[in-house]
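K.L.:
Supplied structure: structure_33.tsv, TSV, N, CA and C atoms.
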chain	number	residue	atom	x	y	z
V	10	MET	N	86.46	110.55	11.21
V	10	MET	CA	85.23	111.11	11.78
V	10	MET	C	85.13	110.77	13.25
V	11	THR	N	84.68	111.71	14.03
V	11	THR	CA	84.55	111.45	15.45
V	11	THR	C	83.11	111.25	15.89
V	12	GLY	N	82.15	111.70	15.09
V	12	GLY	CA	80.75	111.51	15.44
V	12	GLY	C	80.32	110.07	15.19
V	13	HIS	N	79.15	109.74	15.68
V	13	HIS	CA	78.61	108.40	15.45
V	13	HIS	C	78.25	108.20	13.98
V	14	GLN	N	78.25	106.95	13.56
V	14	GLN	CA	77.94	106.60	12.18
V	14	GLN	C	76.49	106.13	12.01
V	15	ALA	N	75.73	106.15	13.09
V	15	ALA	CA	74.31	105.78	13.05
V	15	ALA	C	73.61	106.57	14.15
V	16	LEU	N	72.30	106.40	14.26
V	16	LEU	CA	71.54	107.20	15.21
V	16	LEU	C	72.03	107.03	16.64
V	17	ILE	N	71.89	108.09	17.41
V	17	ILE	CA	72.27	108.09	18.82
V	17	ILE	C	71.02	107.85	19.65
V	18	ASN	N	71.09	106.84	20.52
V	18	ASN	CA	69.95	106.46	21.36
V	18	ASN	C	69.87	107.24	22.66
V	19	GLN	N	71.05	107.54	23.22
V	19	GLN	CA	71.06	108.16	24.54
V	19	GLN	C	72.34	108.95	24.74
V	20	VAL	N	72.24	110.04	25.47
V	20	VAL	CA	73.40	110.79	25.93
V	20	VAL	C	73.23	111.07	27.41
V	21	LEU	N	74.33	110.96	28.16
V	21	LEU	CA	74.27	111.17	29.61
V	21	LEU	C	75.53	111.87	30.10
V	22	PHE	N	75.36	112.91	30.91
V	22	PHE	CA	76.48	113.47	31.63
V	22	PHE	C	76.88	112.52	32.74
V	23	SER	N	78.18	112.44	33.00
V	23	SER	CA	78.65	111.69	34.16
V	23	SER	C	78.20	112.44	35.42
V	24	PRO	N	78.06	111.73	36.56
V	24	PRO	CA	77.63	112.42	37.78
V	24	PRO	C	78.52	113.59	38.18
V	25	ASP	N	79.81	113.54	37.85
V	25	ASP	CA	80.71	114.67	38.17
V	25	ASP	C	80.73	115.73	37.07
V	26	SER	N	79.95	115.54	36.02
V	26	SER	CA	79.78	116.46	34.89
V	26	SER	C	81.02	116.64	34.02
V	27	ARG	N	82.06	115.87	34.25
V	27	ARG	CA	83.29	116.02	33.46
V	27	ARG	C	83.17	115.40	32.07
V	28	LEU	N	82.32	114.39	31.93
V	28	LEU	CA	82.20	113.67	30.66
V	28	LEU	C	80.75	113.56	30.23
V	29	VAL	N	80.57	113.36	28.93
V	29	VAL	CA	79.28	112.99	28.37
V	29	VAL	C	79.52	111.69	27.61
V	30	ALA	N	78.62	110.73	27.79
V	30	ALA	CA	78.70	109.48	27.03
V	30	ALA	C	77.50	109.40	26.11
V	31	SER	N	77.72	108.87	24.92
V	31	SER	CA	76.63	108.69	23.96
V	31	SER	C	76.61	107.24	23.48
V	32	ALA	N	75.41	106.69	23.36
V	32	ALA	CA	75.22	105.31	22.90
V	32	ALA	C	74.56	105.34	21.53
V	33	SER	N	74.96	104.41	20.65
V	33	SER	CA	74.49	104.49	19.27
V	33	SER	C	74.21	103.12	18.64
V	34	PHE	N	73.42	103.16	17.59
V	34	PHE	CA	73.18	101.97	16.76
V	34	PHE	C	74.44	101.56	16.00
V	35	ASP	N	75.49	102.38	16.02
V	35	ASP	CA	76.73	102.01	15.34
V	35	ASP	C	77.59	101.05	16.18
V	36	LYS	N	77.01	100.53	17.27
V	36	LYS	CA	77.65	99.52	18.14
V	36	LYS	C	78.68	100.10	19.08
V	37	SER	N	78.73	101.43	19.20
V	37	SER	CA	79.75	102.04	20.04
V	37	SER	C	79.16	102.99	21.07
V	38	ILE	N	80.00	103.28	22.06
V	38	ILE	CA	79.75	104.34	23.02
V	38	ILE	C	80.89	105.34	22.81
V	39	LYS	N	80.56	106.60	22.78
V	39	LYS	CA	81.60	107.61	22.62
V	39	LYS	C	81.62	108.49	23.87
V	40	LEU	N	82.84	108.92	24.23
V	40	LEU	CA	83.03	109.81	25.36
V	40	LEU	C	83.43	111.19	24.87
V	41	TRP	N	82.87	112.21	25.51
V	41	TRP	CA	83.07	113.60	25.11
V	41	TRP	C	83.39	114.42	26.36
V	42	ASP	N	84.14	115.48	26.20
V	42	ASP	CA	84.42	116.40	27.29
V	42	ASP	C	83.11	117.09	27.68
V	43	GLY	N	82.76	117.04	28.96
V	43	GLY	CA	81.49	117.60	29.42
V	43	GLY	C	81.41	119.11	29.38
V	44	ARG	N	82.54	119.78	29.30
V	44	ARG	CA	82.55	121.23	29.26
V	44	ARG	C	82.62	121.77	27.84
V	45	THR	N	83.50	121.17	27.02
V	45	THR	CA	83.72	121.69	25.67
V	45	THR	C	82.98	120.92	24.58
V	46	GLY	N	82.58	119.66	24.88
V	46	GLY	CA	81.96	118.83	23.86
V	46	GLY	C	82.96	118.14	22.96
V	47	LYS	N	84.24	118.31	23.22
V	47	LYS	CA	85.29	117.70	22.39
V	47	LYS	C	85.27	116.18	22.51
V	48	TYR	N	85.39	115.52	21.36
V	48	TYR	CA	85.45	114.05	21.33
V	48	TYR	C	86.71	113.57	22.04
V	49	LEU	N	86.56	112.51	22.87
V	49	LEU	CA	87.69	111.96	23.61
V	49	LEU	C	88.03	110.53	23.21
V	50	ALA	N	87.02	109.66	23.11
V	50	ALA	CA	87.32	108.24	22.87
V	50	ALA	C	86.07	107.48	22.44
V	51	SER	N	86.30	106.32	21.83
V	51	SER	CA	85.22	105.38	21.49
V	51	SER	C	85.42	104.11	22.30
V	52	LEU	N	84.32	103.58	22.82
V	52	LEU	CA	84.34	102.31	23.52
V	52	LEU	C	83.65	101.29	22.62
V	53	ARG	N	84.42	100.30	22.18
V	53	ARG	CA	83.89	99.30	21.24
V	53	ARG	C	84.02	97.91	21.82
V	54	GLY	N	82.99	97.09	21.58
V	54	GLY	CA	82.98	95.73	22.07
V	54	GLY	C	81.65	95.06	21.80
V	55	HIS	N	80.60	95.85	21.73
V	55	HIS	CA	79.30	95.29	21.37
V	55	HIS	C	79.30	94.93	19.89
V	56	VAL	N	78.54	93.90	19.54
V	56	VAL	CA	78.45	93.49	18.13
V	56	VAL	C	77.11	93.86	17.51
V	57	ALA	N	76.34	94.66	18.23
V	57	ALA	CA	75.06	95.16	17.72
V	57	ALA	C	74.78	96.50	18.39
V	58	ALA	N	73.66	97.10	18.07
V	58	ALA	CA	73.30	98.44	18.56
V	58	ALA	C	73.37	98.53	20.08
V	59	VAL	N	73.86	99.67	20.56
V	59	VAL	CA	73.87	99.95	22.01
V	59	VAL	C	72.63	100.77	22.31
V	60	TYR	N	71.75	100.22	23.16
V	60	TYR	CA	70.48	100.87	23.45
V	60	TYR	C	70.54	101.85	24.61
V	61	GLN	N	71.22	101.46	25.68
V	61	GLN	CA	71.21	102.33	26.85
V	61	GLN	C	72.52	102.23	27.62
V	62	ILE	N	72.84	103.32	28.31
V	62	ILE	CA	74.04	103.39	29.14
V	62	ILE	C	73.66	103.98	30.49
V	63	ALA	N	74.52	103.73	31.49
V	63	ALA	CA	74.33	104.32	32.82
V	63	ALA	C	75.69	104.48	33.49
V	64	TRP	N	75.87	105.59	34.17
V	64	TRP	CA	77.11	105.87	34.89
V	64	TRP	C	77.04	105.33	36.31
V	65	SER	N	78.18	104.89	36.83
V	65	SER	CA	78.28	104.60	38.26
V	65	SER	C	78.31	105.94	38.99
V	66	ALA	N	77.93	105.94	40.26
V	66	ALA	CA	77.84	107.18	41.03
V	66	ALA	C	79.17	107.92	41.13
V	67	ASP	N	80.29	107.18	41.08
V	67	ASP	CA	81.61	107.80	41.19
V	67	ASP	C	82.19	108.22	39.84
V	68	SER	N	81.42	108.03	38.77
V	68	SER	CA	81.81	108.42	37.40
V	68	SER	C	83.00	107.63	36.85
V	69	ARG	N	83.39	106.55	37.51
V	69	ARG	CA	84.54	105.77	37.03
V	69	ARG	C	84.15	104.66	36.07
V	70	LEU	N	82.90	104.20	36.16
V	70	LEU	CA	82.44	103.09	35.32
V	70	LEU	C	81.18	103.48	34.56
V	71	LEU	N	81.01	102.83	33.43
V	71	LEU	CA	79.84	103.02	32.59
V	71	LEU	C	79.34	101.64	32.21
V	72	VAL	N	78.04	101.41	32.29
V	72	VAL	CA	77.48	100.14	31.86
V	72	VAL	C	76.65	100.39	30.61
V	73	SER	N	76.68	99.43	29.68
V	73	SER	CA	75.92	99.56	28.44
V	73	SER	C	75.10	98.29	28.20
V	74	GLY	N	73.92	98.47	27.64
V	74	GLY	CA	73.05	97.36	27.26
V	74	GLY	C	72.84	97.40	25.76
V	75	SER	N	72.81	96.20	25.15
V	75	SER	CA	72.83	96.16	23.69
V	75	SER	C	71.85	95.16	23.10
V	76	SER	N	71.63	95.35	21.82
V	76	SER	CA	70.87	94.42	21.01
V	76	SER	C	71.56	93.05	20.94
V	77	ASP	N	72.85	92.99	21.26
V	77	ASP	CA	73.58	91.71	21.22
V	77	ASP	C	73.32	90.84	22.45
V	78	SER	N	72.41	91.25	23.33
V	78	SER	CA	71.96	90.53	24.53
V	78	SER	C	72.95	90.59	25.69
V	79	THR	N	73.96	91.45	25.61
V	79	THR	CA	74.93	91.57	26.70
V	79	THR	C	74.90	92.95	27.34
V	80	LEU	N	75.43	92.98	28.55
V	80	LEU	CA	75.79	94.23	29.21
V	80	LEU	C	77.30	94.25	29.25
V	81	LYS	N	77.86	95.43	29.18
V	81	LYS	CA	79.30	95.58	29.30
V	81	LYS	C	79.57	96.71	30.28
V	82	VAL	N	80.53	96.47	31.17
V	82	VAL	CA	80.96	97.50	32.12
V	82	VAL	C	82.31	98.01	31.63
V	83	TRP	N	82.40	99.33	31.48
V	83	TRP	CA	83.58	99.98	30.92
V	83	TRP	C	84.32	100.76	32.00
V	84	ASP	N	85.64	100.63	32.02
V	84	ASP	CA	86.50	101.45	32.86
V	84	ASP	C	86.76	102.72	32.06
V	85	VAL	N	86.19	103.81	32.51
V	85	VAL	CA	86.23	105.05	31.72
V	85	VAL	C	87.64	105.63	31.65
V	86	LYS	N	88.37	105.63	32.75
V	86	LYS	CA	89.72	106.19	32.76
V	86	LYS	C	90.64	105.42	31.81
V	87	ALA	N	90.57	104.09	31.87
V	87	ALA	CA	91.41	103.25	31.01
V	87	ALA	C	90.84	103.15	29.59
V	88	GLN	N	89.59	103.55	29.43
V	88	GLN	CA	88.88	103.50	28.15
V	88	GLN	C	88.88	102.08	27.57
V	89	LYS	N	88.56	101.10	28.45
V	89	LYS	CA	88.50	99.72	27.99
V	89	LYS	C	87.45	98.95	28.75
V	90	LEU	N	87.13	97.79	28.22
V	90	LEU	CA	86.14	96.90	28.82
V	90	LEU	C	86.66	96.37	30.15
V	91	ALA	N	85.85	96.50	31.20
V	91	ALA	CA	86.21	95.99	32.51
V	91	ALA	C	85.56	94.62	32.74
V	92	THR	N	84.29	94.48	32.36
V	92	THR	CA	83.55	93.24	32.59
V	92	THR	C	82.50	93.05	31.50
V	93	ASP	N	82.38	91.83	31.03
V	93	ASP	CA	81.34	91.45	30.07
V	93	ASP	C	80.28	90.68	30.85
V	94	LEU	N	79.02	91.05	30.70
V	94	LEU	CA	77.94	90.41	31.45
V	94	LEU	C	76.92	89.77	30.50
V	95	PRO	N	77.21	88.56	30.02
V	95	PRO	CA	76.20	87.85	29.23
V	95	PRO	C	75.17	87.26	30.18
V	96	GLY	N	74.01	86.91	29.68
V	96	GLY	CA	73.01	86.30	30.55
V	96	GLY	C	71.59	86.53	30.12
V	97	HIS	N	71.35	87.61	29.40
V	97	HIS	CA	70.00	87.81	28.86
V	97	HIS	C	69.83	86.93	27.62
V	98	ALA	N	68.61	86.51	27.37
V	98	ALA	CA	68.31	85.66	26.23
V	98	ALA	C	68.01	86.47	24.96
V	99	ASP	N	67.90	87.78	25.10
V	99	ASP	CA	67.57	88.62	23.95
V	99	ASP	C	68.07	90.04	24.22
V	100	GLU	N	67.66	90.98	23.41
V	100	GLU	CA	68.13	92.36	23.48
V	100	GLU	C	67.95	92.97	24.87
V	101	VAL	N	68.93	93.78	25.29
V	101	VAL	CA	68.90	94.47	26.58
V	101	VAL	C	68.53	95.93	26.31
V	102	TYR	N	67.36	96.34	26.81
V	102	TYR	CA	66.86	97.68	26.56
V	102	TYR	C	67.11	98.67	27.69
V	103	ALA	N	67.27	98.19	28.92
V	103	ALA	CA	67.36	99.09	30.07
V	103	ALA	C	68.46	98.67	31.02
V	104	VAL	N	69.25	99.64	31.49
V	104	VAL	CA	70.31	99.38	32.46
V	104	VAL	C	70.36	100.53	33.46
V	105	ASP	N	70.77	100.23	34.70
V	105	ASP	CA	70.98	101.28	35.68
V	105	ASP	C	71.89	100.77	36.79
V	106	TRP	N	72.63	101.68	37.41
V	106	TRP	CA	73.47	101.39	38.57
V	106	TRP	C	72.67	101.63	39.83
V	107	SER	N	72.94	100.86	40.87
V	107	SER	CA	72.38	101.16	42.18
V	107	SER	C	73.13	102.38	42.73
V	108	PRO	N	72.47	103.16	43.60
V	108	PRO	CA	73.14	104.36	44.14
V	108	PRO	C	74.44	104.06	44.88
V	109	ASP	N	74.57	102.86	45.47
V	109	ASP	CA	75.80	102.53	46.19
V	109	ASP	C	76.90	102.02	45.26
V	110	GLY	N	76.58	101.84	43.97
V	110	GLY	CA	77.57	101.42	42.99
V	110	GLY	C	77.94	99.95	43.02
V	111	GLN	N	77.23	99.16	43.80
V	111	GLN	CA	77.57	97.75	43.96
V	111	GLN	C	76.79	96.82	43.03
V	112	ARG	N	75.70	97.32	42.45
V	112	ARG	CA	74.86	96.46	41.60
V	112	ARG	C	74.43	97.21	40.34
V	113	VAL	N	74.18	96.42	39.31
V	113	VAL	CA	73.60	96.92	38.06
V	113	VAL	C	72.31	96.15	37.83
V	114	ALA	N	71.26	96.85	37.44
V	114	ALA	CA	70.00	96.20	37.08
V	114	ALA	C	69.82	96.32	35.58
V	115	SER	N	69.22	95.28	34.98
V	115	SER	CA	68.99	95.30	33.54
V	115	SER	C	67.69	94.59	33.21
V	116	GLY	N	67.14	94.97	32.07
V	116	GLY	CA	65.92	94.34	31.58
V	116	GLY	C	65.87	94.43	30.07
V	117	GLY	N	65.08	93.52	29.47
V	117	GLY	CA	65.04	93.55	28.01
V	117	GLY	C	63.93	92.75	27.41
V	118	LYS	N	64.15	92.40	26.17
V	118	LYS	CA	63.15	91.71	25.36
V	118	LYS	C	62.80	90.33	25.90
V	119	ASP	N	63.71	89.73	26.69
V	119	ASP	CA	63.43	88.41	27.26
V	119	ASP	C	62.50	88.49	28.47
V	120	LYS	N	62.04	89.70	28.81
V	120	LYS	CA	61.10	89.95	29.90
V	120	LYS	C	61.66	89.62	31.27
V	121	CYS	N	62.97	89.57	31.39
V	121	CYS	CA	63.63	89.26	32.67
V	121	CYS	C	64.33	90.49	33.23
V	122	LEU	N	64.16	90.68	34.53
V	122	LEU	CA	64.95	91.67	35.26
V	122	LEU	C	66.13	90.93	35.86
V	123	ARG	N	67.30	91.44	35.68
V	123	ARG	CA	68.50	90.82	36.26
V	123	ARG	C	69.22	91.86	37.11
V	124	ILE	N	69.78	91.38	38.22
V	124	ILE	CA	70.60	92.23	39.07
V	124	ILE	C	71.98	91.60	39.13
V	125	TRP	N	72.96	92.40	38.78
V	125	TRP	CA	74.35	91.96	38.71
V	125	TRP	C	75.12	92.60	39.85
V	126	ARG	N	75.93	91.81	40.52
V	126	ARG	CA	76.77	92.35	41.61
V	126	ARG	C	78.17	92.60	41.09
V	127	ARG	N	78.72	93.71	41.53
V	127	ARG	CA	80.06	94.11	41.10
V	127	ARG	C	81.13	93.28	41.72
Could you rewrite the structure in this file as structure tokens?
P.N.:
Amino acid sequence: MTGHQALINQVLFSPDSRLVASASFDKSIKLWDGRTGKYLASLRGHVAAVYQIAWSADSRLLVSGSSDSTLKVWDVKAQKLATDLPGHADEVYAVDWSPDGQRVASGGKDKCLRIWRR
């Protein structure tokens, strides 16, 4: 099966529109062709639900926030984990890239806003 095995929380086109990423309670992010919708790959590494994702402005990286209290930065071309960002004390509900691509902001159940530098 190529679809998610649990509910999908978010879907986002990459800034260049070539890909669509989907985040799910099944602990994965899936990548899809932005034109045809064809399944391309699964990004796995979170140990709990993935709540939110955000693309870098150049469409090369994707950041994910999870119920497992971590953020993960994914290298989309290599389809693998680039950086693991632990640091929140509880679930991470919100993530975003800065427009210059140098920072990621996150927030969650621990009521803390964090800014991560690339």
K.L.:
List the spatial neighbours of Leu70 (chain V) as a ChimeraX atom specification - criterion: any atom at most 10 Å away, only C-alpha atoms, same-chain residues fewer than 5 positions off excluded.
P.N.:
/V:23,63-65,82-88,90-91,106,110
K.L.:
If you count only C-alpha atoms, which residues fall within 12 Å of Lys89 (chain V), apart from same-chain ones fewer than 4 positions away, as a list in words?
P.N.:
Ile38, Lys39, Leu40, Ala50, Ser51, Leu52, Arg53, Gly54, Arg69, Leu70, Leu71, Val72, Lys81, Val82, Trp83, Asp84, Val85 and Asp93 of chain V
K.L.:
Can you tell me how far atom C of Ala114 (chain V) sits from atom N of Gln14 (chain V), in Å to one decimal?
P.N.:
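Computing it gives 25.9 Å between the two atoms.
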K.L.:
Just to confirm, what's the straight-line distance from atom C of Ala98 (chain V) to atom N of Ala66 (chain V) in Å (one decimal)?
P.N.:
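About the pair atom C of Ala98 (chain V) and atom N of Ala66 (chain V): they are 26.7 Å apart.
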K.L.:
Do you know which residues are at most 5 Å from region 29-37 of chain V counting only N, CA and C atoms, after dropping those on the same chain fewer than 2 positions away, and could you put them as a list in words?
P.N.:
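So the residues in contact are Ala15, Leu16, Ile17, Asn18, Gln19, Val20, Leu21, Phe22, Ser23, Arg27, Lys39, Leu40, Trp41, Asp42, Gly43, Leu52, Ala57, Ala58 and Val59 of chain V.
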K.L.:
Return the single residue from V:Tyr60, V:Asp105, V:Thr45, V:Ser73 that is closest to Lys118 (chain V), with distances computed using only C-alpha atoms.
P.N.:
V:Tyr60
K.L.:
Point out the residue among V:Ser26, V:Ser68, V:Gln111, V:Ser75 with the least atom-to-atom distance to Arg44 (chain V), counting all atoms listed in the file.
P.N.:
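Of V:Ser26, V:Ser68, V:Gln111, V:Ser75, the one nearest Arg44 (chain V) is V:Ser26, counting all atoms listed in the file.
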K.L.:
Quick one: residues within 6.5 Å of Gly117 (chain V), only N, CA and C atoms counted, chain neighbours fewer than 5 positions away excluded, as a PyMOL selection string?
P.N.:
chain V and resi 99-103+122
K.L.:
Which residues, protein or nucleic acid, reach to within 6 Å of (76.3, 93.2, 38.7) in the file's coordinates when using all atoms listed in the file, and can you give that as an mmCIF file with N, CA and C atoms, in the coordinates of the input?
P.N.:
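See out15.cif below for the written result:
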data_model
loop_
_atom_site.group_PDB
_atom_site.id
_atom_site.type_symbol
_atom_site.label_atom_id
_atom_site.label_comp_id
_atom_site.auth_asym_id
_atom_site.auth_seq_id
_atom_site.Cartn_x
_atom_site.Cartn_y
_atom_site.Cartn_z
ATOM 1 N N GLN V 111 77.230 99.160 43.800
ATOM 2 C CA GLN V 111 77.570 97.750 43.960
ATOM 3 C C GLN V 111 76.790 96.820 43.030
ATOM 4 N N ARG V 112 75.700 97.320 42.450
ATOM 5 C CA ARG V 112 74.860 96.460 41.600
ATOM 6 C C ARG V 112 74.430 97.210 40.340
ATOM 7 N N VAL V 113 74.180 96.420 39.310
ATOM 8 C CA VAL V 113 73.600 96.920 38.060
ATOM 9 C C VAL V 113 72.310 96.150 37.830
ATOM 10 N N ILE V 124 69.780 91.380 38.220
ATOM 11 C CA ILE V 124 70.600 92.230 39.070
ATOM 12 C C ILE V 124 71.980 91.600 39.130
ATOM 13 N N TRP V 125 72.960 92.400 38.780
ATOM 14 C CA TRP V 125 74.350 91.960 38.710
ATOM 15 C C TRP V 125 75.120 92.600 39.850
ATOM 16 N N ARG V 126 75.930 91.810 40.520
ATOM 17 C CA ARG V 126 76.770 92.350 41.610
ATOM 18 C C ARG V 126 78.170 92.600 41.090
ATOM 19 N N ARG V 127 78.720 93.710 41.530
ATOM 20 C CA ARG V 127 80.060 94.110 41.100
ATOM 21 C C ARG V 127 81.130 93.280 41.720
#
K.L.:
Taking only C-alpha atoms into account, which of V:Val104, V:Ser78, V:Cys121, V:Asp67 comes nearest Pro24 (chain V)?
P.N.:
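Distance minimum relative to Pro24 (chain V) lands on V:Asp67.
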K.L.:
Report the distance between CA of Thr92 (chain V) and atom C of Leu80 (chain V) in Å, rounded to one decimal place.
P.N.:
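Calculated distance between CA of Thr92 (chain V) and atom C of Leu80 (chain V) is 7.2 Å.
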